[in-house]
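*Asks:* Submitted below is the structure of interest, expressed as structure tokens.
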Amino acid sequence: MAEKFFQAASAKPAEAASDVLVRLDNVRKHFPLQSGFIASLLSGGHTPAVKAVDGISFVIKKGEVFGLAGESGSGKSTVGRLVLRLYEPTSGKIFFDGIDICKLPEEQMRRLRARMQLVFQDPLASLNPRMTIGQAIQHPVSIHLSHLSQEEQREKVLHILEAVGMIPPESYFELFPHQISGGQRQRVVLARALVTGPELVVADEPIAMADVSVRALLLDLMMQLKEKLDLTYLFITHDLATAKYVCDRIAIMYLGKMCEIGPLNEVYQHSAHPYTRALLEAVPVPDPRRRRTEPMPAGEIPSAINPPPGCRFHPRCPLAQANCAVDEPPLREIRPGHFVACHYAEKV
Amino acid sequence: MPAEPLFSIRNLTVEYATRAGAVKAAEDVSFDIRREEILGLVGESGCGKSTLGKALMRLHRTPARITGGELLFDGRDLMKLTEDEMRAVRGAEIGMVFQDPMTSLNPVQRIIEHLTETVRAHEPRTTDQEARERAAVLAEKLGIRSERLKEYPHQMSGGMRQRVMISLALALRAKLVIADEPTTSLDVIVEAKFLDLLRELRREFGLTILLITHNIGVVAEIADRVAVMYAARLVEIGDVQDIFASPKHPYTQGLLRSVPNIQLDGESLYKMEGMPPNLLHPPRGCRFHPRCPFAMEICRDYSPELQAVDGDHFTACWLYHKTTGKEGAKNG
Amino acid sequence: MKKKLQIMLAVLMVAVLALSACQPKSGEKVTIIIGVTDQIASLDPADAYATHDWELIKNIGEGLLVWKPGSSDELVPGIAQDMPEISEDGLTYTLKLKPGIKFGDGLELTAPMYAQQLNRLLTIGPSCPNDVADTLAIPYVESITAPDDETLVFQLKVPVAYFPQILADAPYLPSHPDKFPLTECVLFPEAPIYGVGPWFISQYTQNEQLVLEPNPYYEGERTPQVDQIIIRYFTDPQTLALAVQNGEIDIAWRFLDPELIDQLRGVADLTVGDIPGGAIRYLILNHTMAPMDDPNVAKAFAATIDRDAIVDTVYKGAATPLFSMDPPGFLGATDAFDTMYQSPNITLANEFLAASGYDENNKCAIELWYPPDHYGAATAAWMELIKQQLEAANFTVDLKAQEWSTYVTALTGGESYQAGVLGWFYDYPDPSNYLDPFVYNGGMGTNVTLAAEGSDYGEAINEKAQQLVDLLAQADVETDIAARTELYQQAQEIYADLVVTVPIIILGEHITYRSNIHGSDAYGAAETLNIATNLEFNYSTLTKTP
Amino acid sequence: MTPISFILLIIGIPLALMLLYVFIRGSMGLRKYILTRIGLTLPMVFILASLVFFIMRVLPGDPVRSALGPRGTAEQAEHMRQALGLDKPLIVQYGIFLKDIITLNFGNSMVGGHRPIIDEMSERFPATLELIVPASILALAIGIIGGALAASRRKAAADYFLRVYSVVIYSLPIFWFGLMLQLLFGIQLKLLPVAGRIDPIIRTTLEPVTNMYLIDSLISGNWPALGSAVSHLILPTITLGLVLSGVFVRMTRINVIETLQADYIAAARARGIREKVVVYGHALKNAMIPVITLIGLQVAILLAGAVLTETIFNWPGMGGYLVQRISARDYTAVQSVIAMFALLVALISLTVDLIYSLLDPRVRY
């Protein structure tokens, strides 16, 4: 019986600036509540907006797994789409491999997209039931690598099928999604994302829909592929327990703002933001001997249309002082590589 | 431990009629729900745990049907009740909390209407005013401010909606609440608060809760006992401490080891081989045998029965059978 | 709450049932309801030019001369004291009004007032939309004057043999000066509309119904026998038939399709009266367009037509074969086409064709046109029959359909169609009205004459055509009946020889009425409610038994 | 009905209802929404009417020749063309047309009596309204109750019956169906009249105010007229209502079935709510949300059905009018009626959207 284990990746040493693959500079994304020309005329300029992402900055280094965690409504999925420029940022700059993608003309952006891919929340639903496995995987190739001949494109597809462990690849080429098992379908979805040879994979809750016993397999496969294909992951998740097993660094978001960024172990063991602390505390532990005793923060996550002033977490924060409601805490480095946005981080 | 259980499920089998044939979503399942306990029913998606939960209230709809078994609730066999009698049990004696609080509330009905309607469905003599007052008192207890009762479901957050669902289950002082994945769509902090609430309610009202979930962490957090389902069968049941400390069934073992644990350092995740079987063509013998690292000859052909391994801890696995093979029913 | 709702519903149901059970209370008034599929286009005598409009105008008004009810050939004085006094040269008609003629509102009609109203025909008539004046007044009348309070003088441009008949037409009826001012045509005056005839229009809702009540000042022959006549307007002949069958109307007048008439004949309590009608259907041939410019082809065409087949299969007997454009019963009518071609006569047709070089291997190809939307569904059926008949001889026929307004423009303009179907109904029962229009001045697309500047007759395309024009012109002014008859007989022969048009059938009209409705036995044609070939429908002769 | 009150009826009443609605719901966004929708409706109607204007003139056939027939001379045609303003350049005609539309004057009809279109419509439109309102109510009643019944008795006899009913009724030729009703209830049973809106004799006693005879007879307390109007209304309403109901049964059934799968239905059952309440109280109300939208889209079909029904039952409404005028190439009438229909459809769809927001508390403008 094969019992495979893989080691949780530990934080890597800080790397040089040239090793940065993605950089976000004070990026904002506001979604106006009303749309349409006449509506905007009628509203007289000021339109209320959902401030999904409200000024965040961070870098993703080449070859790392960068985790982005937070509750629903924190803006983490929006960040993922901004990085791929599936959304245009309201303000701020986004660099991919040193290129400012926000200003890139459509044609160049299209070419750049081959270097970045998105894996969706529900990978099983994203396969067209009337396309063969081969067609599904070849589709992005024919778009991004159209200069290749049919034969070369097919070669690429077979190669990636082999890489995701579907061996022999030829035997899967003509099958339809319903003819293979669920686990194989997950592999196909990954293969499709990776066939154009991307450098960055934005994985938005890639395992949220999978069963417990399948999750481990899928994570393992993703990590193997990362090594094999030299990938960088932006791993978006609400599950801090899973993040622990894959991420090198992690960032915690709350209501469109960054609370804390740092190497995973550093953040988990020395969390300096009350919200991070609460979030880690809330994760149920599969051990009945270690039941939680800490009380949870009061209230609920407020609306992103009118977020609280000052520190956004202050209305729920057990440590909140008067100034928290006024001054917005900047993201500051409290230990090497560990940044936190809290006035009282030292007290946590 | 009270001698008489609140709800005894005996040899319950639930079948789905599909185009490809009958699928057993629950097969020969027997267990007890004891008074004032929280029983966690865990399993992966498609193992039949949700179907089982609905069948306990006879809420399953065509094409599903109960093909056998007894549902002994508080001294009565629910299987023998008429539909009208059953309706009186639902809501009044057994409440249910569903997975997605957004879709489990009627989007065009105000919260208060949900509550008063439920009360008046069972107590037609209650006036609207009385029902409203009762609802307000109950809601207050569950941390829902009474002015919010006028709102529609979409105006509330996920956590609030789940509180509403609980209040609906408790509106008539149900003895048993069946909660089907109540926290799955909630964020961790909201989930933690909801679990606190459940604990509190059990204490205050002497509530019995059947918590159906795939989240092992939640079970560890709150349950008194755990029942594990695999491919429509119950494979293990016992005290939560026992099971987490020493799981007996290889499936339970694998399951527990494949759960990420935030509090452990440098550990690695166990990867269980293979996929859960298709219930249309389940494997012969023990359903777990194709994935089982300890599979034996007998596992391929004979299905093991649930047997006590130590005291209150039962499992269905040939590894623990004292008398090998003979009791096993051949199936396939 | 639920119970209340149920009670409310029950009460509502009962109320509705009770209300719908309320039988229409006819009260003391005797009312006759006549259903038609016609519509009113104009009620101004100086403008109106449609059968139904004329029917109404003639019932609310009365002419100097009127057709005797139940007859198509007897003119009698109406509001005139006597028949007209005609000058020697045939150009001056003098008539005297009966004394005390009054409109329905009591206004007395004087000759000067009458002359003034009649002069509207000559002044504003031609600019009115339906423009009857250009056909029935301008060509004939020079002036209309009233030398005194009772005398009217019509000065004509040319002698017209049939002018008394024209005088009985709607345009020459007196119109009320309040409703029909001198300077404009008023197509739909507000009700009530008063004339000097037996009835006046008391209410009118367009497309729904028109109510006629007796004119209290009427002292003529045609005294109303009932208290009220309602004309109900229908859009669908099927519904009209059902309504008379169901007793919702008393009389179903024009138009019911032949099949509907056939069905209604078998219904108890209903009588279907058959009127030998004046409406004809004929085929027009363009004589300036190949191959119709070849007289042999035109003759061969005429020789193939089997009129009996059309009458039997399509009209189920509700029509009569027509062998001359001058229908039977009219002055000098002959069976010229029958005499000349004995159609159907395929042998003869093929002989004509052979003379022009057409035979079995070289068939004569023609295009035959019809408007599917204008003359009812029967047209398409019998046009198909004609195609088959033509193709039995050495013709090949391309049957084509075209929307009405385009069709009629192209066909009568003589521009693009070799042959096509048209219908005709007279303005006054005289052969001239059945022959002249197809010959004179382009002949509505037959082109046996070409429209010519300064000529009323146009320029004939050949000698025979010239002969025909001359004969007809002579007949127009000939007042001696025997001589006129002779002229028309000759004209019909040449007409048939030229095949100016091909007369096909004359449609009978039908009137369907319930058994408690009667015409007057004092007049002819009581069976058809005293309606004769000229389709004059006098509402005054109608009676209703309870 | 006077033209002024007609315009009030067709535009004023819906607008008044909307204002009332705004008053009740009263959010700023809602006001903006309604203004936006009205702002978009006007150009839409304008574009459609302009399109019809040009299409009518491109189509073969012209009103002058159509009216004159074979005996019409070129001179007469010229006269008539002048009288109708058809001799003017197209662009000038278009200008006149725009002026007529904007001033809601609509110009004069080109055939028949050359009456002002506004007069003709104000006579005809109320008749159509009197037909389609009860027919729609009937169709909706059958559709909603039948659809909900079929959905709740899924795969039982009632469901099969209703499914067959909806298919059969939907594919029934309206002409044939109407005729059968006429023959049965009129000719055979002699229960109901087959033609018209009211008994002609009673009609002479009724003073039209709104031209909706039900209302007119109610106002004037003319009970025999009310009875006659009701009895005349029954067969056309059944014809149009039943034919339309097929679609509604199907739509409601599908939506109720879908809604019955929803979690909150299972949740309601789990609370011991009666099945009837679950189906008719919970599922139906939610199912009606998409159905309401579809109903808005059915307005066009309703008008088309009304055309046929009006013909069969000799109902002097807009449908018959439009058909009659298209074949006569009455440009002004067709243009105006289409513009009116477009306005009507736009107003109805706006009203439907507002009803939607009443039914669905999630919708906020």
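Letters for chains follow the order of the structure tokens (A, B, ...), residue numbers begin at 1 for each chain, and ligand numbers begin at 1 in the order shown.
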With only C-alpha atoms as the counted atoms, please give the residues lying no more than 9 Å from region 250-255 of chain C, apart from itself and same-chain residues fewer than 6 positions off, as a list of chain:residue names.
*Replies:* C:Ile32, C:Ile33, C:Ile34, C:Gly35, C:Val36, C:Thr37, C:Asp38, C:His52, C:Pro237, C:Leu240, C:Ala241, C:Ala243, C:Val244, C:Glu509, C:His510, C:Ile511, C:Thr512, C:Tyr513, C:Arg514, C:Ser515, C:Asn516, C:Ile517
*Asks:* Please return, as a VMD selection string, all residues of region 63-212 of chain A that DSSP assigns to alpha helix (DSSP H) on the basis of the backbone.
*Replies:* chain A and resid 76 to 83 106 to 113 133 to 144 150 to 163 170 to 173 182 to 194 212
*Asks:* Hey, which of D:Met212, D:Leu359, D:Ala77, D:Leu181 ends up closest to chain B? Count only C-alpha atoms.
*Replies:*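 Among the listed residues, D:Leu359 lies closest to chain B.
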*Asks:* Contacts from chain B to chain A, 6 Å maximum, only C-alpha atoms: show me the residue list as a list of chain:residue names.
*Replies:*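 Per the criterion, chain B yields B:Glu44, B:Asp187, B:Val188, B:Ile189, B:Ala192, B:Ile216, B:Gly217, B:Val218, B:Ala220, B:Glu221, B:Pro260, B:Asn261, B:Ile262, B:Ser268, B:Lys271, B:Met272, B:Pro293.
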*Asks:* Would you mind exporting the chosen residues as a compact mmCIF listing (two decimals), in the first residue's frame, restricted to N, CA and C atoms?
*Replies:*
```
# COMPACT_ATOMS: atom_id res chain seq x y z
N GLU B 44 -17.88 11.70 3.44
CA GLU B 44 -17.60 12.57 2.31
C GLU B 44 -18.86 12.75 1.47
N ASP B 187 -18.09 31.47 7.22
CA ASP B 187 -16.67 31.73 7.44
C ASP B 187 -16.27 31.24 8.82
N VAL B 188 -14.97 31.03 8.99
CA VAL B 188 -14.54 30.34 10.22
C VAL B 188 -14.97 31.03 11.50
N ILE B 189 -14.88 32.36 11.55
CA ILE B 189 -15.22 33.03 12.80
C ILE B 189 -16.72 32.90 13.07
N ALA B 192 -17.40 29.38 14.18
CA ALA B 192 -17.03 29.17 15.58
C ALA B 192 -18.11 29.71 16.51
N ILE B 216 -14.39 17.43 9.75
CA ILE B 216 -13.94 16.65 10.91
C ILE B 216 -13.63 17.58 12.08
N GLY B 217 -13.10 18.75 11.74
CA GLY B 217 -12.75 19.71 12.79
C GLY B 217 -13.96 20.12 13.60
N VAL B 218 -15.06 20.36 12.92
CA VAL B 218 -16.29 20.78 13.60
C VAL B 218 -16.76 19.69 14.54
N ALA B 220 -14.94 17.37 15.94
CA ALA B 220 -14.02 17.30 17.06
C ALA B 220 -14.31 18.42 18.06
N GLU B 221 -14.74 19.53 17.53
CA GLU B 221 -14.97 20.72 18.33
C GLU B 221 -16.19 20.57 19.23
N PRO B 260 -6.22 18.51 7.47
CA PRO B 260 -5.17 19.44 7.87
C PRO B 260 -5.41 19.91 9.30
N ASN B 261 -4.37 19.96 10.05
CA ASN B 261 -4.49 20.40 11.43
C ASN B 261 -3.58 21.60 11.63
N ILE B 262 -4.19 22.71 11.93
CA ILE B 262 -3.44 23.95 12.00
C ILE B 262 -2.52 23.97 13.22
N SER B 268 2.62 15.94 8.00
CA SER B 268 2.28 15.87 6.58
C SER B 268 0.88 15.28 6.46
N LYS B 271 -2.50 10.86 2.12
CA LYS B 271 -3.29 10.84 0.88
C LYS B 271 -3.90 9.46 0.71
N MET B 272 -5.20 9.44 0.84
CA MET B 272 -5.88 8.16 0.70
C MET B 272 -5.91 7.80 -0.79
N PRO B 293 -5.66 -0.24 2.92
CA PRO B 293 -4.29 -0.77 2.97
C PRO B 293 -4.21 -2.12 3.68
```
*Asks:* If we count only C-alpha atoms and set the cut-off at 12 Å, which residues sit around Arg192 (chain A), ignoring sequence neighbours fewer than 5 positions away in its own chain? Please answer as a PyMOL selection string.
*Replies:* chain A and resi 114+117-120+123+126-127+133-142+156-161+163-164+185-187+197-198+201
*Asks:* Wanna dump the chain B-chain D contacts at 9 Å for me, each residue with its shortest atom pair and the distance in Å to one decimal, counting only C-alpha atoms, ordered by chain and number, as a tab-separated table?
*Replies:*
```
residue	atom	partner	partner_atom	distance
B:Lys54	CA	D:Ala270	CA	8.7
B:Met57	CA	D:Ala270	CA	7.4
B:Leu59	CA	D:Ala270	CA	6.8
B:His60	CA	D:Ala266	CA	8.9
B:Asp84	CA	D:Arg274	CA	8.6
B:Met86	CA	D:Gly272	CA	8.1
B:Arg87	CA	D:Gly272	CA	4.6
B:Ala88	CA	D:Gly272	CA	6.0
B:Val89	CA	D:Gly272	CA	7.1
B:Arg90	CA	D:Gly272	CA	4.6
B:Gly91	CA	D:Arg271	CA	3.7
B:Ala92	CA	D:Arg271	CA	7.2
B:Ile94	CA	D:Ala270	CA	8.2
B:Gly95	CA	D:Arg271	CA	6.5
B:Met96	CA	D:Ala270	CA	6.2
B:Val97	CA	D:Ala267	CA	7.7
B:Phe98	CA	D:Ala267	CA	7.2
B:Gln99	CA	D:Asp263	CA	8.8
B:Asp100	CA	D:Asp263	CA	7.9
B:Pro101	CA	D:Tyr264	CA	8.7
B:Met102	CA	D:Tyr264	CA	8.7
B:Thr103	CA	D:Asp263	CA	5.5
B:Ser104	CA	D:Tyr264	CA	3.8
B:Leu105	CA	D:Tyr264	CA	4.9
B:Asn106	CA	D:Tyr264	CA	5.4
B:Pro107	CA	D:Pro361	CA	7.5
B:Val108	CA	D:Asp360	CA	5.7
B:Gln109	CA	D:His282	CA	8.3
B:His114	CA	D:Ala268	CA	8.6
B:Glu117	CA	D:Ile273	CA	7.8
B:Thr118	CA	D:Arg271	CA	6.2
B:Ala121	CA	D:Ile273	CA	5.7
B:His122	CA	D:Gly272	CA	7.4
B:Tyr152	CA	D:Pro361	CA	7.1
B:Pro153	CA	D:Arg362	CA	8.9
B:His154	CA	D:Arg362	CA	6.6
B:Gln155	CA	D:Arg362	CA	8.2
B:Met165	CA	D:Ala267	CA	8.9
B:Leu168	CA	D:Arg271	CA	7.6
B:Ala169	CA	D:Arg271	CA	7.1
```
*Asks:* Based on the selection just made, write N, CA, C and O atoms of those residues as a compact mmCIF listing (two decimals), in the first residue's frame.
*Replies:*
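See out-v8.txt below for the written result:
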```txt
# COMPACT_ATOMS: atom_id res chain seq x y z
N LYS B 54 -32.47 13.50 5.88
CA LYS B 54 -33.83 13.81 5.43
C LYS B 54 -34.76 12.65 5.70
O LYS B 54 -35.91 12.84 6.11
N MET B 57 -36.65 12.32 8.93
CA MET B 57 -37.89 13.11 9.09
C MET B 57 -38.90 12.73 8.02
O MET B 57 -39.91 13.41 7.87
N LEU B 59 -38.53 13.22 5.00
CA LEU B 59 -38.60 14.41 4.13
C LEU B 59 -38.08 14.12 2.74
O LEU B 59 -38.08 15.00 1.89
N HIS B 60 -37.60 12.89 2.54
CA HIS B 60 -37.06 12.55 1.22
C HIS B 60 -38.18 12.64 0.20
O HIS B 60 -39.34 12.39 0.50
N ASP B 84 -50.04 13.15 7.60
CA ASP B 84 -50.50 14.27 8.42
C ASP B 84 -49.92 14.21 9.82
O ASP B 84 -49.52 15.23 10.39
N MET B 86 -47.16 12.78 10.53
CA MET B 86 -45.73 13.04 10.36
C MET B 86 -45.47 14.54 10.30
O MET B 86 -44.51 15.06 10.85
N ARG B 87 -46.40 15.23 9.60
CA ARG B 87 -46.25 16.67 9.46
C ARG B 87 -46.28 17.35 10.84
O ARG B 87 -45.60 18.33 11.08
N ALA B 88 -47.08 16.78 11.73
CA ALA B 88 -47.18 17.36 13.06
C ALA B 88 -45.88 17.16 13.83
O ALA B 88 -45.52 17.95 14.70
N VAL B 89 -45.15 16.08 13.51
CA VAL B 89 -43.88 15.83 14.18
C VAL B 89 -42.83 16.81 13.69
O VAL B 89 -42.04 17.36 14.44
N ARG B 90 -42.85 17.02 12.35
CA ARG B 90 -41.85 17.90 11.75
C ARG B 90 -42.00 19.31 12.30
O ARG B 90 -43.09 19.85 12.33
N GLY B 91 -40.91 19.88 12.67
CA GLY B 91 -40.98 21.25 13.14
C GLY B 91 -41.32 21.31 14.62
O GLY B 91 -40.69 22.04 15.37
N ALA B 92 -42.30 20.53 15.03
CA ALA B 92 -42.71 20.59 16.43
C ALA B 92 -41.80 19.72 17.30
O ALA B 92 -41.41 20.13 18.38
N ILE B 94 -39.15 17.46 15.79
CA ILE B 94 -37.83 17.39 15.17
C ILE B 94 -37.67 18.61 14.28
O ILE B 94 -38.51 18.86 13.40
N GLY B 95 -36.64 19.36 14.52
CA GLY B 95 -36.37 20.51 13.66
C GLY B 95 -35.20 20.21 12.77
O GLY B 95 -34.43 19.28 13.02
N MET B 96 -35.09 21.01 11.69
CA MET B 96 -33.98 20.75 10.80
C MET B 96 -33.30 22.06 10.42
O MET B 96 -33.96 23.06 10.18
N VAL B 97 -31.99 22.02 10.38
CA VAL B 97 -31.21 23.18 9.93
C VAL B 97 -30.43 22.74 8.70
O VAL B 97 -29.75 21.72 8.74
N PHE B 98 -30.60 23.52 7.62
CA PHE B 98 -29.99 23.10 6.36
C PHE B 98 -28.64 23.74 6.13
O PHE B 98 -28.27 24.70 6.79
N GLN B 99 -27.98 23.19 5.11
CA GLN B 99 -26.62 23.62 4.82
C GLN B 99 -26.51 25.11 4.49
O GLN B 99 -25.73 25.83 5.07
N ASP B 100 -27.33 25.53 3.52
CA ASP B 100 -27.13 26.88 3.03
C ASP B 100 -28.25 27.78 3.54
O ASP B 100 -29.36 27.73 3.06
N PRO B 101 -27.97 28.59 4.54
CA PRO B 101 -29.04 29.39 5.14
C PRO B 101 -29.61 30.40 4.15
O PRO B 101 -30.73 30.85 4.31
N MET B 102 -28.83 30.73 3.10
CA MET B 102 -29.35 31.66 2.10
C MET B 102 -30.51 31.03 1.35
O MET B 102 -31.56 31.61 1.17
N THR B 103 -30.31 29.80 0.90
CA THR B 103 -31.35 29.17 0.07
C THR B 103 -32.38 28.45 0.92
O THR B 103 -33.37 27.97 0.39
N SER B 104 -32.16 28.35 2.21
CA SER B 104 -33.12 27.62 3.03
C SER B 104 -34.20 28.51 3.59
O SER B 104 -35.07 28.05 4.31
N LEU B 105 -34.11 29.79 3.31
CA LEU B 105 -35.16 30.70 3.75
C LEU B 105 -35.86 31.22 2.50
O LEU B 105 -35.20 31.51 1.50
N ASN B 106 -37.17 31.32 2.58
CA ASN B 106 -37.93 31.81 1.44
C ASN B 106 -37.55 33.26 1.17
O ASN B 106 -37.77 34.13 2.01
N PRO B 107 -36.99 33.53 0.00
CA PRO B 107 -36.45 34.88 -0.24
C PRO B 107 -37.52 35.97 -0.23
O PRO B 107 -37.19 37.14 -0.05
N VAL B 108 -38.77 35.60 -0.46
CA VAL B 108 -39.78 36.65 -0.53
C VAL B 108 -40.62 36.72 0.75
O VAL B 108 -41.66 37.35 0.79
N GLN B 109 -40.14 36.04 1.80
CA GLN B 109 -40.89 36.04 3.05
C GLN B 109 -40.04 36.68 4.14
O GLN B 109 -38.85 36.41 4.25
N HIS B 114 -41.74 33.73 8.57
CA HIS B 114 -41.27 32.35 8.68
C HIS B 114 -41.61 31.79 10.06
O HIS B 114 -42.10 30.68 10.21
N GLU B 117 -45.51 31.63 10.85
CA GLU B 117 -46.13 30.60 10.02
C GLU B 117 -45.85 29.21 10.62
O GLU B 117 -46.73 28.36 10.69
N THR B 118 -44.61 29.03 11.07
CA THR B 118 -44.24 27.74 11.64
C THR B 118 -45.04 27.46 12.90
O THR B 118 -45.58 26.37 13.09
N ALA B 121 -48.67 26.80 12.04
CA ALA B 121 -48.90 25.54 11.33
C ALA B 121 -49.16 24.41 12.32
O ALA B 121 -49.88 23.46 12.03
N HIS B 122 -48.55 24.54 13.51
CA HIS B 122 -48.72 23.48 14.51
C HIS B 122 -49.72 23.84 15.58
O HIS B 122 -50.32 22.98 16.19
N TYR B 152 -35.97 40.82 5.28
CA TYR B 152 -36.01 39.67 4.39
C TYR B 152 -34.67 38.94 4.49
O TYR B 152 -33.66 39.54 4.87
N PRO B 153 -34.66 37.65 4.15
CA PRO B 153 -33.43 36.86 4.30
C PRO B 153 -32.21 37.51 3.66
O PRO B 153 -31.13 37.50 4.23
N HIS B 154 -32.40 38.12 2.47
CA HIS B 154 -31.22 38.62 1.78
C HIS B 154 -30.60 39.81 2.50
O HIS B 154 -29.49 40.20 2.21
N GLN B 155 -31.32 40.39 3.44
CA GLN B 155 -30.78 41.54 4.14
C GLN B 155 -29.90 41.11 5.32
O GLN B 155 -29.35 41.95 6.01
N MET B 165 -32.42 30.07 11.11
CA MET B 165 -32.77 28.67 10.86
C MET B 165 -32.91 27.92 12.18
O MET B 165 -33.82 27.12 12.38
N LEU B 168 -36.04 28.82 13.89
CA LEU B 168 -37.19 28.15 13.29
C LEU B 168 -37.30 26.73 13.81
O LEU B 168 -38.39 26.22 14.07
N ALA B 169 -36.14 26.07 13.97
CA ALA B 169 -36.15 24.70 14.46
C ALA B 169 -36.62 24.65 15.91
O ALA B 169 -37.21 23.68 16.35
```
*Asks:* Pick out the closest residue to Gly256 (chain A) from this set: A:Val22, A:Val27, A:Ala320, A:Ala325. Count only C-alpha atoms.
*Replies:*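 The closest residue to Gly256 (chain A) is A:Val27.
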*Asks:* Between CA of Ser122 (chain D) and CA of Ser231 (chain D), what is the distance in Å, rounded to a tenth?
*Replies:*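 Distance between the two atoms: 23.2 Å.
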*Asks:* Pull the closest atom pair for each residue of chain D that gets at most 8 Å from chain A, along with the distance in Å to one decimal, counting only C-alpha atoms, ordering rows by chain and then ascending residue number, as a Markdown table.
*Replies:*
```
| residue | atom | partner | partner_atom | distance |
| --- | --- | --- | --- | --- |
| D:Lys32 | CA | A:Leu42 | CA | 6.6 |
| D:Tyr33 | CA | A:Ala39 | CA | 7.4 |
| D:Thr36 | CA | A:Ile38 | CA | 6.3 |
```
*Asks:* Do a neighbour search on region 292-298 of chain D at 10 Å with only C-alpha atoms, toss out local chain neighbours closer than 5 positions, and write the hits as a PyMOL selection string.
*Replies:* chain D and resi 136+140+244+247-248+251-252+287+303-304+345-353+355-356+359
*Asks:* Using only C-alpha atoms for the distances, tell me which of D:Ser245, D:Gln182, D:Ser327, D:Ser66 is nearest to chain C.
*Replies:*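 Closest to chain C, using only C-alpha atoms: D:Ser66.
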*Asks:* Can you work out which one of C:Ala380, C:Val408, C:Met113, C:Val297 has the shortest atom-to-atom distance to chain D, counting only C-alpha atoms?
*Replies:*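 Residue with the minimum atom-to-atom distance to chain D: C:Val408.
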*Asks:* Determine, counting only C-alpha atoms, which protein, DNA and RNA residues have an atom within 9 Å of an atom of Leu136 (chain C); residues of the same chain fewer than 6 positions away are not included. Present the result as a CSV table (one decimal) with all heavy atoms, in the first residue's frame.
*Replies:*
```csv
chain,number,residue,atom,x,y,z
C,166,ILE,N,-78.7,58.5,-64.4
C,166,ILE,CA,-77.7,59.1,-63.6
C,166,ILE,C,-78.3,60.0,-62.5
C,166,ILE,O,-77.8,60.0,-61.4
C,166,ILE,CB,-76.7,59.9,-64.5
C,166,ILE,CG1,-75.9,59.0,-65.3
C,166,ILE,CG2,-75.8,60.8,-63.7
C,166,ILE,CD1,-74.9,59.6,-66.3
C,169,ASP,N,-78.8,58.5,-59.3
C,169,ASP,CA,-77.7,58.1,-58.5
C,169,ASP,C,-77.5,59.0,-57.3
C,169,ASP,O,-77.9,60.1,-57.3
C,169,ASP,CB,-76.4,58.1,-59.4
C,169,ASP,CG,-76.3,56.8,-60.2
C,169,ASP,OD1,-77.0,55.8,-59.9
C,169,ASP,OD2,-75.5,56.8,-61.2
C,171,PRO,N,-75.1,60.8,-56.1
C,171,PRO,CA,-74.5,62.1,-56.1
C,171,PRO,C,-75.5,63.2,-56.3
C,171,PRO,O,-75.3,64.4,-56.0
C,171,PRO,CB,-73.5,62.0,-57.2
C,171,PRO,CG,-73.2,60.6,-57.4
C,171,PRO,CD,-74.4,59.9,-57.0
C,427,ASP,N,-72.5,51.9,-62.3
C,427,ASP,CA,-72.9,53.1,-61.6
C,427,ASP,C,-74.3,53.4,-61.9
C,427,ASP,O,-75.0,54.0,-61.2
C,427,ASP,CB,-72.0,54.3,-62.1
C,427,ASP,CG,-70.5,53.9,-62.0
C,427,ASP,OD1,-70.2,53.4,-60.9
C,427,ASP,OD2,-69.8,54.2,-62.9
```
